[in-house]
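Trainee: Below: one structure in structure tokens.
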Amino acid sequence: MANPRLRLLLPWRNFSRRDWAIAAFGFIVFIFFLSLISDSRTSTKTNAPLDFVDLTLLRNAEDQGAVCLDGSAPGYHFRSGFGSGSNNWVLHIEEKFGGGSSNYMERQVRFSGILSHDSSQNPDFFGWNKVKVRYCDGASFAGNSQQNETQLFFRGQRIWKAVMDELLSIGLSNAKQVLLSGCSAGGLATLIHCDDFQAILPRDATVKCLADAGFFLDEKDATGNRRMQSFYRDVVHLQGVADSLDKDCVERMGPSQCFFPQEFIKNIKTPVFLVNPAYDFWQIQHVLVPPESDPSGIWAKCRLSIQKCTPGQIEILHGFRNSMLKTLSEFQPSKDGGMFINSCFSHCQTGITETWHSPNSPRINDKVISAYGGVTIGVLPVFVQTIAESVGDWYFNRKSVKQIDCPYPCNPSCYNMDFTRR
């Protein structure tokens with residue numbers, strides 16, 4: 001199923017791995033041509049359309065050492081809640097990479113999906129205060145070091161603290177209900193900071209965390225190499241991430257291994273909900289079959305569209321799905337946890353209305369018993385809940401939500417990205 005709005009993911013796909021590499025290895029050639037932003041600059045107010053929200057740059061960022069890779073001020077977008085949601089908050093850590101500089105961030109972004117103020121698009125959280133935290137540090141707000149040779153600043157942990165302090169000062173400190181969410185690298189940041197986030201909020205507040213497409217697997221690629229393991233090792237070392245990671249995990253396994261959620265999620269005390277496609281296109285393209293593992297181009301079409309995979313390749317993708325489900329099997333029994341694991345060739349699904357909550361949003365089937373005259377005549381798959389409805393049921397304890405989809409291509413409600421249509 002295709003949708004023009006989802007084409008917005010195409011630039012993200014092209015640049016995400018490059019930007020991660022930038023953060024890991026310091027290959028930011030353009031960094032020396034950026035103009036620095038003064039610490040007195042705080043917002044860029046304009047006459048924004050209803051769904052668009054202006055960028056606010058962090059006050060006194062340089063004084064706190066809370067700066068992006070190039071030393072510019074980090075930023076966020078804030079929209080006030082209303083009605084019964086006035087004391088409730090949704091924070092969403094973005095999935096896109098800003099090139100390590102707020103100089104290149106959009107001055108307005110559209111609040112949609114989980115950030116929408118429209119009750120028809122966001123039934124449970126529409127009236128809440130909304131914050132989109134921009135990403136410019138390269139290590140999920142976990143680093144705290146500086147690369148003197150290249151004048152790069154790895155200050156993610158400081159950015160996190162400074163942004164939280166500012167949000168607390170404008171009302172977050174009075175929150176009654178809070179949901180910390182994020183997608184991709186932002187989803188990983190959500191998991192890393194989940195317990196620390198709860199600790200800074202009122203004791204009587206309901207605080208939960210939602211990680212969308214942030215459950216990166218420690219899997220071998222098509223050539224048998226663990227490239228993500230090597231990549232994480234470089235990021236953790238270069239950015240000084242160890243102090244931000246789960247202490248028990250670090251003592252047991254070392255810091256680089258504890259950048260993988262599968263190694264520390266069981267230690268998170270705050271309730272967590274995981275949204276993840278079992279055929280996550282970013283992980284397929286960068287973990288399972290990165291370009292360097294396929295020099296002959298056998299996977300070229302399959303990497304860009306699951307509909308163009310051969311039967312043999314589909315079996316390998318099923319194996320990747322099985323690895324994800326096996327890894328999640330330890331998390332699944334969690335009483336307070338929830339999950340929505342669909343079988344779509346997608347990535348981030350909570351920030352876009354079409355995949356979060358709409359008439360055509362992805363759903364996971366419930367088995368409905370068909371009976372006539374008291375006699376069972378069959379079991380029918382009925383695709384029932386959207387991601388938004390599932391997250392709402394979990395957050396408000398309406399029911400337990402542990403939804404796992406059947407294997408591809410069983411789900412006709414999926415938005416399967418096709419990067420060959422460009």
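Just remember, in the structure tokens the first chain shown is A, the second B, etc., residues are 1-based per chain, and ligands are 1-based in the order shown.
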List the spatial neighbours of His347 (chain A) as a list in words - criterion: any atom at most 8 Å away, only C-alpha atoms, same-chain residues fewer than 4 positions off excluded.
Mentor: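 Near neighbours after the sequence-gap exclusion: Ser184, Ala213, Asn276, Pro277, Asp280, Phe281 and Trp282 of chain A.
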Trainee: At a cut-off of 10 Å, using only C-alpha atoms, what residues contact Ser80 (chain A)? Leave out same-chain residues fewer than 3 positions from it and give the result as a ChimeraX atom specification.
Mentor: /A:85-89,117,127-131,171
Trainee: Could you give me, as a ChimeraX atom specification, each residue of region 241-379 of chain A that DSSP assigns to helix (DSSP H, G or I) when run on this structure's backbone?
Mentor: /A:242-244,247-253,257-259,261-267,281-288,291-293,300-304,306-308,311-328,353-356
Trainee: Using only C-alpha atoms, determine which residues lie at most 6 Å from Cys209 (chain A), disregarding the query and same-chain residues fewer than 2 positions distant; provide the list as a ChimeraX atom specification.
Mentor: /A:179-181,272
Trainee: Store the residues picked out above in a file with C-alpha atoms, as a CSV table (one decimal), in the first residue's frame.
Mentor:
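The file below, selection_29.csv, is the result:
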```csv
chain,number,residue,atom,x,y,z
A,179,LEU,CA,4.5,9.7,27.8
A,180,LEU,CA,8.1,9.8,26.6
A,181,SER,CA,8.4,8.6,23.0
A,272,VAL,CA,7.7,0.5,28.3
```
Trainee: Contacts between region 288-302 of chain A and region 319-361 of chain A, please, where a residue of region 319-361 of chain A counts if it comes within 12 Å (with only C-alpha atoms); show its shortest atom pair and distance in Å to one decimal, rows by chain and ascending number, as a Markdown table.
Mentor:
```
| residue | atom | partner | partner_atom | distance |
| --- | --- | --- | --- | --- |
| A:Gly319 | CA | A:Leu288 | CA | 10.4 |
| A:Phe320 | CA | A:Leu288 | CA | 7.8 |
| A:Arg321 | CA | A:Leu288 | CA | 11.0 |
| A:Ser323 | CA | A:Leu288 | CA | 11.3 |
| A:Phe345 | CA | A:Cys302 | CA | 10.7 |
```
Trainee: Output N, CA and C atoms for every residue in that selection, as an mmCIF file, in the first residue's frame.
Mentor:
```
data_model
loop_
_atom_site.group_PDB
_atom_site.id
_atom_site.type_symbol
_atom_site.label_atom_id
_atom_site.label_comp_id
_atom_site.auth_asym_id
_atom_site.auth_seq_id
_atom_site.Cartn_x
_atom_site.Cartn_y
_atom_site.Cartn_z
ATOM 1 N N GLY A 319 13.763 -15.144 8.848
ATOM 2 C CA GLY A 319 14.727 -15.490 9.893
ATOM 3 C C GLY A 319 15.075 -14.282 10.753
ATOM 4 N N PHE A 320 15.174 -13.107 10.117
ATOM 5 C CA PHE A 320 15.430 -11.881 10.867
ATOM 6 C C PHE A 320 14.254 -11.587 11.795
ATOM 7 N N ARG A 321 13.047 -11.762 11.283
ATOM 8 C CA ARG A 321 11.842 -11.580 12.113
ATOM 9 C C ARG A 321 11.875 -12.543 13.300
ATOM 10 N N SER A 323 14.413 -13.831 14.754
ATOM 11 C CA SER A 323 15.427 -13.378 15.715
ATOM 12 C C SER A 323 14.877 -12.258 16.585
ATOM 13 N N PHE A 345 7.090 -3.623 5.980
ATOM 14 C CA PHE A 345 8.403 -3.156 5.544
ATOM 15 C C PHE A 345 8.404 -1.651 5.741
#
```
Trainee: Which is closer to Gln285 (chain A) than all the others in A:Ser145, A:Thr270, A:Ser346, A:Ser84, using only C-alpha atoms?
Mentor: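 Answer, going by the shortest atom-to-atom distance: A:Ser346.
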Trainee: Do you have the CA of Gly182 (chain A)-CA of Lys208 (chain A) distance handy?
Mentor: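 Separation between CA of Gly182 (chain A) and CA of Lys208 (chain A): 12.1 Å.
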Trainee: Show me, as JSON, numbers by chain, the residues that have an atom within 10 Å of region 387-398 of chain A when counting only C-alpha atoms, minus same-chain residues fewer than 2 positions from it.
Mentor: {"A": [113, 114, 121, 122, 123, 124, 125, 177, 178, 179, 206, 207, 208, 209, 210, 271, 272, 273, 274, 275, 336, 337, 338, 339, 340, 341, 342, 349, 350, 353, 355, 356, 357, 358, 361, 362, 363, 364, 384, 385, 400, 401, 402, 403]}
Trainee: Within 12 Å of Phe78 (chain A), counting only C-alpha atoms, which residues show up once you throw out same-chain ones fewer than 2 positions away? Write them as a short mmCIF file (atom, residue, chain, number, x, y, z; two decimals) with all heavy atoms, in the first residue's frame, please.
Mentor:
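What landed in around-v6.cif:
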```
data_model
loop_
_atom_site.label_atom_id
_atom_site.label_comp_id
_atom_site.auth_asym_id
_atom_site.auth_seq_id
_atom_site.Cartn_x
_atom_site.Cartn_y
_atom_site.Cartn_z
N SER A 43 14.21 31.43 20.13
CA SER A 43 13.12 30.90 19.32
C SER A 43 13.06 31.59 17.99
O SER A 43 13.68 32.62 17.76
CB SER A 43 11.77 31.02 20.05
OG SER A 43 11.25 32.32 19.88
N THR A 44 12.33 30.96 17.07
CA THR A 44 12.21 31.47 15.71
C THR A 44 10.74 31.56 15.37
O THR A 44 10.25 30.86 14.50
CB THR A 44 12.94 30.53 14.73
OG1 THR A 44 12.42 29.20 14.91
CG2 THR A 44 14.43 30.50 15.00
N LYS A 45 10.02 32.41 16.08
CA LYS A 45 8.58 32.49 15.94
C LYS A 45 8.18 33.05 14.58
O LYS A 45 8.73 34.02 14.10
CB LYS A 45 7.99 33.38 17.04
CG LYS A 45 8.19 32.81 18.45
CD LYS A 45 7.48 31.49 18.61
CE LYS A 45 7.64 30.94 20.02
NZ LYS A 45 7.06 29.62 20.17
N ASP A 51 -1.06 23.20 12.00
CA ASP A 51 -0.38 21.95 12.32
C ASP A 51 1.13 22.11 12.45
O ASP A 51 1.82 21.17 12.81
CB ASP A 51 -0.68 20.90 11.25
CG ASP A 51 -2.12 20.41 11.31
OD1 ASP A 51 -2.74 20.56 12.37
OD2 ASP A 51 -2.60 19.88 10.29
N PHE A 52 1.65 23.30 12.13
CA PHE A 52 3.09 23.51 12.16
C PHE A 52 3.50 24.27 13.41
O PHE A 52 2.84 25.20 13.84
CB PHE A 52 3.55 24.25 10.90
CG PHE A 52 3.54 23.40 9.67
CD1 PHE A 52 2.35 23.14 8.99
CD2 PHE A 52 4.71 22.82 9.21
CE1 PHE A 52 2.34 22.34 7.87
CE2 PHE A 52 4.70 22.01 8.09
CZ PHE A 52 3.52 21.76 7.41
N VAL A 53 4.62 23.84 14.00
CA VAL A 53 5.06 24.39 15.27
C VAL A 53 6.49 24.89 15.13
O VAL A 53 7.35 24.22 14.55
CB VAL A 53 4.97 23.31 16.39
CG1 VAL A 53 5.40 23.89 17.72
CG2 VAL A 53 3.55 22.75 16.47
N ASP A 54 6.73 26.08 15.67
CA ASP A 54 8.03 26.73 15.52
C ASP A 54 9.12 26.07 16.36
O ASP A 54 8.87 25.48 17.41
CB ASP A 54 7.93 28.20 15.93
CG ASP A 54 7.13 29.02 14.95
OD1 ASP A 54 7.48 29.02 13.76
OD2 ASP A 54 6.15 29.66 15.38
N LEU A 55 10.35 26.23 15.88
CA LEU A 55 11.54 25.74 16.58
C LEU A 55 11.94 26.72 17.69
O LEU A 55 11.97 27.93 17.49
CB LEU A 55 12.70 25.60 15.59
CG LEU A 55 14.07 25.23 16.16
CD1 LEU A 55 14.07 23.81 16.73
CD2 LEU A 55 15.15 25.37 15.08
N THR A 56 12.24 26.19 18.85
CA THR A 56 12.81 26.96 19.95
C THR A 56 14.22 26.45 20.21
O THR A 56 14.41 25.25 20.42
CB THR A 56 11.96 26.82 21.23
OG1 THR A 56 10.66 27.36 21.00
CG2 THR A 56 12.62 27.56 22.40
N LEU A 57 15.18 27.34 20.17
CA LEU A 57 16.56 26.96 20.46
C LEU A 57 16.84 27.11 21.95
O LEU A 57 16.35 28.04 22.59
CB LEU A 57 17.53 27.81 19.64
CG LEU A 57 17.42 27.62 18.12
CD1 LEU A 57 18.36 28.57 17.40
CD2 LEU A 57 17.71 26.18 17.72
N LEU A 58 17.62 26.21 22.47
CA LEU A 58 17.86 26.14 23.90
C LEU A 58 18.58 27.39 24.41
O LEU A 58 19.59 27.82 23.84
CB LEU A 58 18.69 24.90 24.22
CG LEU A 58 18.75 24.46 25.67
CD1 LEU A 58 17.38 23.97 26.13
CD2 LEU A 58 19.78 23.34 25.83
N GLY A 75 17.64 22.25 19.84
CA GLY A 75 16.31 22.84 19.84
C GLY A 75 15.19 21.84 20.04
O GLY A 75 15.39 20.62 20.01
N TYR A 76 14.00 22.40 20.22
CA TYR A 76 12.79 21.59 20.37
C TYR A 76 11.60 22.42 19.88
O TYR A 76 11.69 23.64 19.69
CB TYR A 76 12.58 21.17 21.83
CG TYR A 76 12.38 22.32 22.79
CD1 TYR A 76 11.09 22.81 23.07
CD2 TYR A 76 13.47 22.92 23.44
CE1 TYR A 76 10.91 23.87 23.94
CE2 TYR A 76 13.29 23.98 24.31
CZ TYR A 76 12.00 24.45 24.57
OH TYR A 76 11.83 25.51 25.42
N SER A 80 1.29 23.95 23.43
CA SER A 80 0.56 23.81 24.68
C SER A 80 -0.64 22.88 24.55
O SER A 80 -1.29 22.82 23.51
CB SER A 80 0.07 25.18 25.16
OG SER A 80 1.15 26.04 25.43
N GLY A 81 -0.94 22.19 25.65
CA GLY A 81 -2.13 21.36 25.71
C GLY A 81 -3.36 22.20 26.04
O GLY A 81 -3.28 23.40 26.28
N TRP A 89 1.56 15.45 29.23
CA TRP A 89 2.62 15.75 28.26
C TRP A 89 2.98 14.52 27.43
O TRP A 89 3.07 13.41 27.95
CB TRP A 89 3.88 16.22 28.98
CG TRP A 89 3.76 17.57 29.62
CD1 TRP A 89 2.96 17.92 30.68
CD2 TRP A 89 4.48 18.75 29.25
NE1 TRP A 89 3.14 19.25 30.99
CE2 TRP A 89 4.07 19.78 30.14
CE3 TRP A 89 5.42 19.03 28.27
CZ2 TRP A 89 4.58 21.08 30.05
CZ3 TRP A 89 5.94 20.32 28.20
CH2 TRP A 89 5.52 21.33 29.07
N VAL A 90 3.22 14.75 26.14
CA VAL A 90 3.86 13.78 25.25
C VAL A 90 5.16 14.42 24.76
O VAL A 90 5.14 15.52 24.21
CB VAL A 90 2.99 13.42 24.03
CG1 VAL A 90 3.81 12.58 23.04
CG2 VAL A 90 1.76 12.65 24.45
N LEU A 91 6.28 13.75 24.99
CA LEU A 91 7.56 14.17 24.45
C LEU A 91 7.98 13.15 23.40
O LEU A 91 7.93 11.94 23.65
CB LEU A 91 8.64 14.24 25.53
CG LEU A 91 8.64 15.47 26.46
CD1 LEU A 91 7.43 15.46 27.38
CD2 LEU A 91 9.93 15.50 27.28
N HIS A 92 8.37 13.63 22.23
CA HIS A 92 8.76 12.74 21.14
C HIS A 92 10.14 13.13 20.64
O HIS A 92 10.36 14.27 20.22
CB HIS A 92 7.74 12.82 20.00
CG HIS A 92 7.96 11.80 18.93
ND1 HIS A 92 7.66 10.46 19.10
CD2 HIS A 92 8.46 11.92 17.68
CE1 HIS A 92 7.94 9.79 17.99
NE2 HIS A 92 8.43 10.66 17.12
N GLN A 108 10.10 25.19 11.19
CA GLN A 108 8.76 24.72 11.55
C GLN A 108 8.66 23.24 11.20
O GLN A 108 9.21 22.79 10.20
CB GLN A 108 7.67 25.47 10.78
CG GLN A 108 7.57 26.95 11.05
CD GLN A 108 6.51 27.60 10.18
OE1 GLN A 108 5.86 26.96 9.36
NE2 GLN A 108 6.33 28.90 10.34
N VAL A 109 7.97 22.48 12.03
CA VAL A 109 7.68 21.09 11.70
C VAL A 109 6.20 20.82 11.93
O VAL A 109 5.56 21.46 12.76
CB VAL A 109 8.52 20.10 12.55
CG1 VAL A 109 10.00 20.24 12.26
CG2 VAL A 109 8.23 20.27 14.03
N ARG A 110 5.68 19.89 11.17
CA ARG A 110 4.28 19.53 11.30
C ARG A 110 4.11 18.53 12.43
O ARG A 110 4.80 17.52 12.49
CB ARG A 110 3.76 18.93 9.99
CG ARG A 110 2.27 18.63 10.01
CD ARG A 110 1.77 18.31 8.60
NE ARG A 110 0.33 18.16 8.62
CZ ARG A 110 -0.31 17.02 8.37
NH1 ARG A 110 0.39 15.93 8.08
NH2 ARG A 110 -1.62 16.96 8.40
N PHE A 111 3.20 18.81 13.33
CA PHE A 111 2.87 17.88 14.41
C PHE A 111 1.75 16.96 13.92
O PHE A 111 0.61 17.39 13.76
CB PHE A 111 2.43 18.64 15.66
CG PHE A 111 3.55 19.05 16.57
CD1 PHE A 111 4.85 19.16 16.10
CD2 PHE A 111 3.31 19.32 17.91
CE1 PHE A 111 5.89 19.52 16.95
CE2 PHE A 111 4.35 19.69 18.77
CZ PHE A 111 5.64 19.80 18.28
N LEU A 115 1.77 13.34 17.85
CA LEU A 115 1.84 14.75 18.24
C LEU A 115 0.65 15.56 17.73
O LEU A 115 0.58 16.77 17.96
CB LEU A 115 3.14 15.38 17.71
CG LEU A 115 4.45 14.83 18.31
CD1 LEU A 115 5.65 15.52 17.67
CD2 LEU A 115 4.48 15.02 19.82
N TRP A 128 -3.00 16.91 24.89
CA TRP A 128 -1.85 17.00 25.77
C TRP A 128 -0.84 18.04 25.27
O TRP A 128 -0.81 18.39 24.09
CB TRP A 128 -1.16 15.65 25.88
CG TRP A 128 -1.95 14.60 26.60
CD1 TRP A 128 -3.31 14.54 26.75
CD2 TRP A 128 -1.44 13.45 27.27
NE1 TRP A 128 -3.67 13.43 27.47
CE2 TRP A 128 -2.54 12.74 27.80
CE3 TRP A 128 -0.16 12.95 27.47
CZ2 TRP A 128 -2.39 11.56 28.52
CZ3 TRP A 128 0.00 11.76 28.18
CH2 TRP A 128 -1.11 11.08 28.71
N ASN A 129 -0.01 18.54 26.18
CA ASN A 129 1.15 19.34 25.78
C ASN A 129 2.05 18.45 24.93
O ASN A 129 2.28 17.28 25.27
CB ASN A 129 1.92 19.82 27.01
CG ASN A 129 1.12 20.78 27.86
OD1 ASN A 129 1.02 21.95 27.55
ND2 ASN A 129 0.54 20.28 28.96
N LYS A 130 2.58 19.02 23.85
CA LYS A 130 3.39 18.22 22.92
C LYS A 130 4.77 18.85 22.74
O LYS A 130 4.90 20.07 22.56
CB LYS A 130 2.71 18.14 21.55
CG LYS A 130 1.26 17.66 21.58
CD LYS A 130 1.17 16.18 21.82
CE LYS A 130 -0.27 15.70 21.91
NZ LYS A 130 -1.26 16.42 21.14
N VAL A 131 5.79 18.02 22.77
CA VAL A 131 7.17 18.47 22.55
C VAL A 131 7.84 17.53 21.55
O VAL A 131 7.78 16.30 21.71
CB VAL A 131 7.99 18.48 23.85
CG1 VAL A 131 9.43 18.95 23.57
CG2 VAL A 131 7.34 19.36 24.90
N LYS A 132 8.46 18.11 20.55
CA LYS A 132 9.32 17.33 19.66
C LYS A 132 10.76 17.77 19.91
O LYS A 132 11.11 18.94 19.70
CB LYS A 132 8.96 17.55 18.19
CG LYS A 132 9.79 16.69 17.24
CD LYS A 132 9.23 16.72 15.83
CE LYS A 132 9.95 15.70 14.94
NZ LYS A 132 9.33 15.62 13.60
N VAL A 133 11.58 16.87 20.40
CA VAL A 133 12.97 17.16 20.71
C VAL A 133 13.82 16.86 19.48
O VAL A 133 13.80 15.73 18.97
CB VAL A 133 13.46 16.33 21.92
CG1 VAL A 133 14.91 16.71 22.25
CG2 VAL A 133 12.55 16.56 23.12
N ARG A 134 14.56 17.85 19.01
CA ARG A 134 15.38 17.67 17.80
C ARG A 134 16.69 16.94 18.15
O ARG A 134 17.23 17.08 19.24
CB ARG A 134 15.69 19.02 17.15
CG ARG A 134 14.46 19.83 16.77
CD ARG A 134 13.51 19.07 15.84
NE ARG A 134 14.11 18.75 14.58
CZ ARG A 134 14.05 19.53 13.50
NH1 ARG A 134 13.43 20.71 13.57
NH2 ARG A 134 14.58 19.15 12.35
N VAL A 163 17.63 20.31 28.04
CA VAL A 163 16.28 20.38 27.48
C VAL A 163 15.25 20.00 28.54
O VAL A 163 14.21 20.65 28.67
CB VAL A 163 16.16 19.46 26.24
CG1 VAL A 163 14.70 19.36 25.79
CG2 VAL A 163 17.01 19.99 25.10
N GLU A 166 14.72 22.87 30.92
CA GLU A 166 13.91 23.94 30.35
C GLU A 166 12.43 23.56 30.29
O GLU A 166 11.55 24.38 30.59
CB GLU A 166 14.42 24.32 28.95
CG GLU A 166 13.71 25.54 28.37
CD GLU A 166 14.54 26.26 27.34
OE1 GLU A 166 15.75 26.52 27.61
OE2 GLU A 166 14.00 26.60 26.26
N LEU A 167 12.14 22.32 29.94
CA LEU A 167 10.75 21.88 29.88
C LEU A 167 10.13 21.83 31.27
O LEU A 167 8.95 22.17 31.45
CB LEU A 167 10.66 20.50 29.21
CG LEU A 167 11.07 20.46 27.73
CD1 LEU A 167 10.99 19.02 27.21
CD2 LEU A 167 10.21 21.38 26.88
N ILE A 170 8.82 25.19 32.21
CA ILE A 170 7.64 25.74 31.53
C ILE A 170 6.39 24.89 31.76
O ILE A 170 5.40 25.05 31.06
CB ILE A 170 7.89 25.91 30.02
CG1 ILE A 170 8.17 24.57 29.32
CG2 ILE A 170 9.04 26.88 29.76
CD1 ILE A 170 8.24 24.67 27.80
N GLY A 171 6.46 23.95 32.73
CA GLY A 171 5.24 23.23 33.09
C GLY A 171 5.36 21.74 33.26
O GLY A 171 4.50 21.12 33.87
N LEU A 172 6.40 21.13 32.73
CA LEU A 172 6.54 19.68 32.85
C LEU A 172 6.64 19.25 34.31
O LEU A 172 6.24 18.14 34.67
CB LEU A 172 7.78 19.21 32.07
CG LEU A 172 8.06 17.70 32.05
CD1 LEU A 172 6.91 16.92 31.43
CD2 LEU A 172 9.37 17.40 31.30
#
```
Trainee: Can you tell me, as a PyMOL selection string, which residues in region 101-176 of chain A count as strand (DSSP E or B) by DSSP?
Mentor: chain A and resi 108-110+129-133+145-147+152-154
